[in-house]
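Taking it in order: structure first as structure tokens, then the write-up.
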Amino acid sequence: MAGNKITTQQVDRIKSQPKDVFLWDGELAGFGVRVTPGGAKSYIYQYRLGGRGSTSRRYTIGSHRSPWTAGNAREKAQHLAKQVRKGKDPVQRRRERRQREVEHRFDRYVETFTDHYLKRRWKDWVRIHQMLLTHAVPSLGTKKLSDIRRADLAAIYERLNNTPSVARAMHATLRKLFRWAMSRDDIKHSPVDGVEVPPPLRARSRYLSVREFTAA
């Protein structure tokens, strides 16, 4: 189906069919709406990178009214069209961006940090790696590095109050991990900066035994 400029109200009225239904915009080439047999409606942008002889690619912008409208979906399609005119592939760029997001999850990044830094520079990398798996990964899990906040790290140190040496080792390791991430341009700022360093274990007072006292 092809027609005039797609409107949100028009998309509201489209009925599903036994097969996918496509409504193409009459003003912006490649911009359209796909309606599945189940009634799901999504805005799409279809394009060819190498001209008419090349295979067409389809970029799904998002679901109708969740939260996309015809207006902001059109703006997105116009942005994608500019990328295509510059020879860039929106589908490939999205795939690469999503892959980076997975690689920058804390749990995945711990393994990257271990393979490319700890194993090469720290003799006790096995112990440090295990410490991260035990005390940091359960808390930070699938969070992206850029989403981790100071409060997240402070909470880890708080849970390690009874083992100050571990807390301090954790702080030193996380500081190194995030600085290494910054050096690779994986993040712009380190959440460790500004977090109070866990205090060392206080020396306990010790009383002399009777034998030690008399021998003194």
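Ordering of the structure tokens sets the chain letters (A, B, ...), residue numbers begin anew at 1 in every chain, and ligands are numbered from 1 in the order given.
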Residues of segment 22-180 of chain A in helix (DSSP H, G or I), written as an NGL selection string: :A and (70-85 or 90-103 or 106-121 or 125-140 or 145-147 or 150-159 or 164-180)
Per-residue nearest contacts of segment 6-81 of chain A to segment 93-117 of chain A (12 Å; only C-alpha atoms) as a Markdown table:
```
| residue | atom | partner | partner_atom | distance |
| --- | --- | --- | --- | --- |
| A:Arg58 | CA | A:Arg94 | CA | 11.9 |
| A:Tyr59 | CA | A:Arg94 | CA | 9.1 |
| A:Thr60 | CA | A:Arg94 | CA | 10.5 |
| A:Ile61 | CA | A:Arg94 | CA | 10.9 |
| A:Leu80 | CA | A:Arg93 | CA | 10.7 |
```
Straight-line distance linking atom CA of Ile44 of chain A with atom CA of Phe31 of chain A, stated in Å to one decimal: 5.9 Å
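Comparing A:Tyr157, A:Phe22, A:Trp68, A:Tyr45 by their smallest distance to Leu174 of chain A, the closest is A:Tyr157 (using only C-alpha atoms).
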Non-local contacts of Lys5 of chain A (6 Å; only C-alpha atoms; under 6 positions in same chain excluded) as a PyMOL selection string: chain A and resi 25-27
Non-local contacts of segment 50-55 of chain A (12 Å; only C-alpha atoms; under 6 positions in same chain excluded) as an MDAnalysis selection string: chainID A and resid 84:89
Write the residues of the selection above to a file with C-alpha atoms, as a CSV table (one decimal), in the first residue's frame.
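Everything below was put into out_33.csv:
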```
chain,number,residue,atom,x,y,z
A,84,VAL,CA,22.4,6.2,4.0
A,85,ARG,CA,23.2,9.1,1.7
A,86,LYS,CA,26.6,9.3,3.4
A,87,GLY,CA,27.2,5.6,2.7
A,88,LYS,CA,26.5,4.5,6.3
A,89,ASP,CA,24.4,1.4,7.0
```
Test item: residues at most 10 Å from Ile148 of chain A, only C-alpha atoms, excluding those fewer than 3 positions along its chain, as a count of residues only: 12
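The space separating atom CA of Gly32 of chain A from atom CA of Gln83 of chain A comes to 17.5 Å.
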DSSP-assigned strand (DSSP E) members of segment 9-164 of chain A, reported as a list in words: Val21, Phe22, Leu23, Trp24, Phe31, Gly32, Val33, Arg34, Val35, Lys41, Ser42, Tyr43, Ile44, Tyr45, Gln46, Tyr47, Arg48, Ser56, Arg57, Arg58, Tyr59, Thr60, Ile61, Gly62, Ser63, His64, Pro67 and Trp68 of chain A
Dump of N, CA and C atoms for the selected residues, as a PDB file, in the first residue's frame:
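See part34.pdb below for the written result:
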```
ATOM      1  N   VAL A  21       0.954  -6.408   6.383  1.00  0.00           N
ATOM      2  CA  VAL A  21       0.488  -5.279   5.577  1.00  0.00           C
ATOM      3  C   VAL A  21       1.516  -4.164   5.701  1.00  0.00           C
ATOM      4  N   PHE A  22       1.870  -3.552   4.566  1.00  0.00           N
ATOM      5  CA  PHE A  22       2.814  -2.443   4.566  1.00  0.00           C
ATOM      6  C   PHE A  22       2.142  -1.197   4.008  1.00  0.00           C
ATOM      7  N   LEU A  23       2.288  -0.101   4.715  1.00  0.00           N
ATOM      8  CA  LEU A  23       1.793   1.191   4.258  1.00  0.00           C
ATOM      9  C   LEU A  23       3.004   2.092   4.056  1.00  0.00           C
ATOM     10  N   TRP A  24       3.193   2.567   2.816  1.00  0.00           N
ATOM     11  CA  TRP A  24       4.378   3.372   2.509  1.00  0.00           C
ATOM     12  C   TRP A  24       4.003   4.843   2.392  1.00  0.00           C
ATOM     13  N   PHE A  31      10.064   5.209   4.058  1.00  0.00           N
ATOM     14  CA  PHE A  31       9.407   5.295   5.359  1.00  0.00           C
ATOM     15  C   PHE A  31       8.037   4.645   5.268  1.00  0.00           C
ATOM     16  N   GLY A  32       7.733   3.789   6.252  1.00  0.00           N
ATOM     17  CA  GLY A  32       6.446   3.119   6.205  1.00  0.00           C
ATOM     18  C   GLY A  32       6.036   2.508   7.532  1.00  0.00           C
ATOM     19  N   VAL A  33       4.944   1.758   7.456  1.00  0.00           N
ATOM     20  CA  VAL A  33       4.392   1.072   8.621  1.00  0.00           C
ATOM     21  C   VAL A  33       4.164  -0.384   8.247  1.00  0.00           C
ATOM     22  N   ARG A  34       4.511  -1.258   9.173  1.00  0.00           N
ATOM     23  CA  ARG A  34       4.267  -2.682   8.985  1.00  0.00           C
ATOM     24  C   ARG A  34       3.243  -3.136  10.010  1.00  0.00           C
ATOM     25  N   VAL A  35       2.238  -3.866   9.546  1.00  0.00           N
ATOM     26  CA  VAL A  35       1.197  -4.400  10.435  1.00  0.00           C
ATOM     27  C   VAL A  35       1.211  -5.917  10.310  1.00  0.00           C
ATOM     28  N   LYS A  41       1.826  -3.047  15.167  1.00  0.00           N
ATOM     29  CA  LYS A  41       2.149  -2.013  14.175  1.00  0.00           C
ATOM     30  C   LYS A  41       3.488  -1.374  14.523  1.00  0.00           C
ATOM     31  N   SER A  42       4.358  -1.300  13.528  1.00  0.00           N
ATOM     32  CA  SER A  42       5.667  -0.704  13.777  1.00  0.00           C
ATOM     33  C   SER A  42       6.087   0.152  12.589  1.00  0.00           C
ATOM     34  N   TYR A  43       6.790   1.226  12.901  1.00  0.00           N
ATOM     35  CA  TYR A  43       7.316   2.115  11.867  1.00  0.00           C
ATOM     36  C   TYR A  43       8.651   1.553  11.377  1.00  0.00           C
ATOM     37  N   ILE A  44       8.879   1.648  10.077  1.00  0.00           N
ATOM     38  CA  ILE A  44      10.072   1.085   9.482  1.00  0.00           C
ATOM     39  C   ILE A  44      10.683   2.069   8.490  1.00  0.00           C
ATOM     40  N   TYR A  45      11.948   1.811   8.177  1.00  0.00           N
ATOM     41  CA  TYR A  45      12.610   2.555   7.109  1.00  0.00           C
ATOM     42  C   TYR A  45      13.358   1.536   6.265  1.00  0.00           C
ATOM     43  N   GLN A  46      13.063   1.528   4.971  1.00  0.00           N
ATOM     44  CA  GLN A  46      13.660   0.554   4.055  1.00  0.00           C
ATOM     45  C   GLN A  46      14.559   1.293   3.068  1.00  0.00           C
ATOM     46  N   TYR A  47      15.728   0.727   2.789  1.00  0.00           N
ATOM     47  CA  TYR A  47      16.702   1.444   1.965  1.00  0.00           C
ATOM     48  C   TYR A  47      17.622   0.465   1.242  1.00  0.00           C
ATOM     49  N   ARG A  48      18.365   1.008   0.279  1.00  0.00           N
ATOM     50  CA  ARG A  48      19.404   0.262  -0.431  1.00  0.00           C
ATOM     51  C   ARG A  48      20.678   1.091  -0.369  1.00  0.00           C
ATOM     52  N   SER A  56      17.788  -4.687  -0.544  1.00  0.00           N
ATOM     53  CA  SER A  56      17.184  -3.700   0.355  1.00  0.00           C
ATOM     54  C   SER A  56      17.312  -4.162   1.797  1.00  0.00           C
ATOM     55  N   ARG A  57      17.417  -3.213   2.693  1.00  0.00           N
ATOM     56  CA  ARG A  57      17.523  -3.499   4.114  1.00  0.00           C
ATOM     57  C   ARG A  57      16.404  -2.754   4.827  1.00  0.00           C
ATOM     58  N   ARG A  58      15.933  -3.352   5.916  1.00  0.00           N
ATOM     59  CA  ARG A  58      14.805  -2.759   6.638  1.00  0.00           C
ATOM     60  C   ARG A  58      15.205  -2.494   8.085  1.00  0.00           C
ATOM     61  N   TYR A  59      15.019  -1.261   8.499  1.00  0.00           N
ATOM     62  CA  TYR A  59      15.331  -0.823   9.861  1.00  0.00           C
ATOM     63  C   TYR A  59      14.002  -0.596  10.589  1.00  0.00           C
ATOM     64  N   THR A  60      13.800  -1.306  11.693  1.00  0.00           N
ATOM     65  CA  THR A  60      12.587  -1.112  12.488  1.00  0.00           C
ATOM     66  C   THR A  60      12.809   0.039  13.461  1.00  0.00           C
ATOM     67  N   ILE A  61      12.030   1.088  13.294  1.00  0.00           N
ATOM     68  CA  ILE A  61      12.168   2.274  14.145  1.00  0.00           C
ATOM     69  C   ILE A  61      11.564   2.027  15.516  1.00  0.00           C
ATOM     70  N   GLY A  62      10.351   1.501  15.537  1.00  0.00           N
ATOM     71  CA  GLY A  62       9.721   1.209  16.824  1.00  0.00           C
ATOM     72  C   GLY A  62       8.227   1.004  16.689  1.00  0.00           C
ATOM     73  N   SER A  63       7.603   0.614  17.776  1.00  0.00           N
ATOM     74  CA  SER A  63       6.178   0.288  17.782  1.00  0.00           C
ATOM     75  C   SER A  63       5.303   1.532  17.772  1.00  0.00           C
ATOM     76  N   HIS A  64       4.217   1.435  17.074  1.00  0.00           N
ATOM     77  CA  HIS A  64       3.238   2.529  16.988  1.00  0.00           C
ATOM     78  C   HIS A  64       2.655   2.837  18.365  1.00  0.00           C
ATOM     79  N   PRO A  67       6.784   4.120  21.977  1.00  0.00           N
ATOM     80  CA  PRO A  67       6.081   5.397  22.146  1.00  0.00           C
ATOM     81  C   PRO A  67       5.958   6.181  20.847  1.00  0.00           C
ATOM     82  N   TRP A  68       6.242   5.534  19.705  1.00  0.00           N
ATOM     83  CA  TRP A  68       6.385   6.280  18.460  1.00  0.00           C
ATOM     84  C   TRP A  68       5.062   6.738  17.863  1.00  0.00           C
TER      85      TRP A  68
END
```
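Closest approach to Met131 of chain A among A:Gln92, A:Gln10, A:Thr173, A:Ser146: A:Thr173, based on only C-alpha atoms.
Between atom CA of Gly39 of chain A and atom CA of Ser16 of chain A there is a distance of 5.2 Å.
Here the question is which of A:Ser165, A:Ala181, A:Ile156, A:Pro18 gets nearest to Val137 of chain A using only C-alpha atoms, and that residue is A:Ile156.
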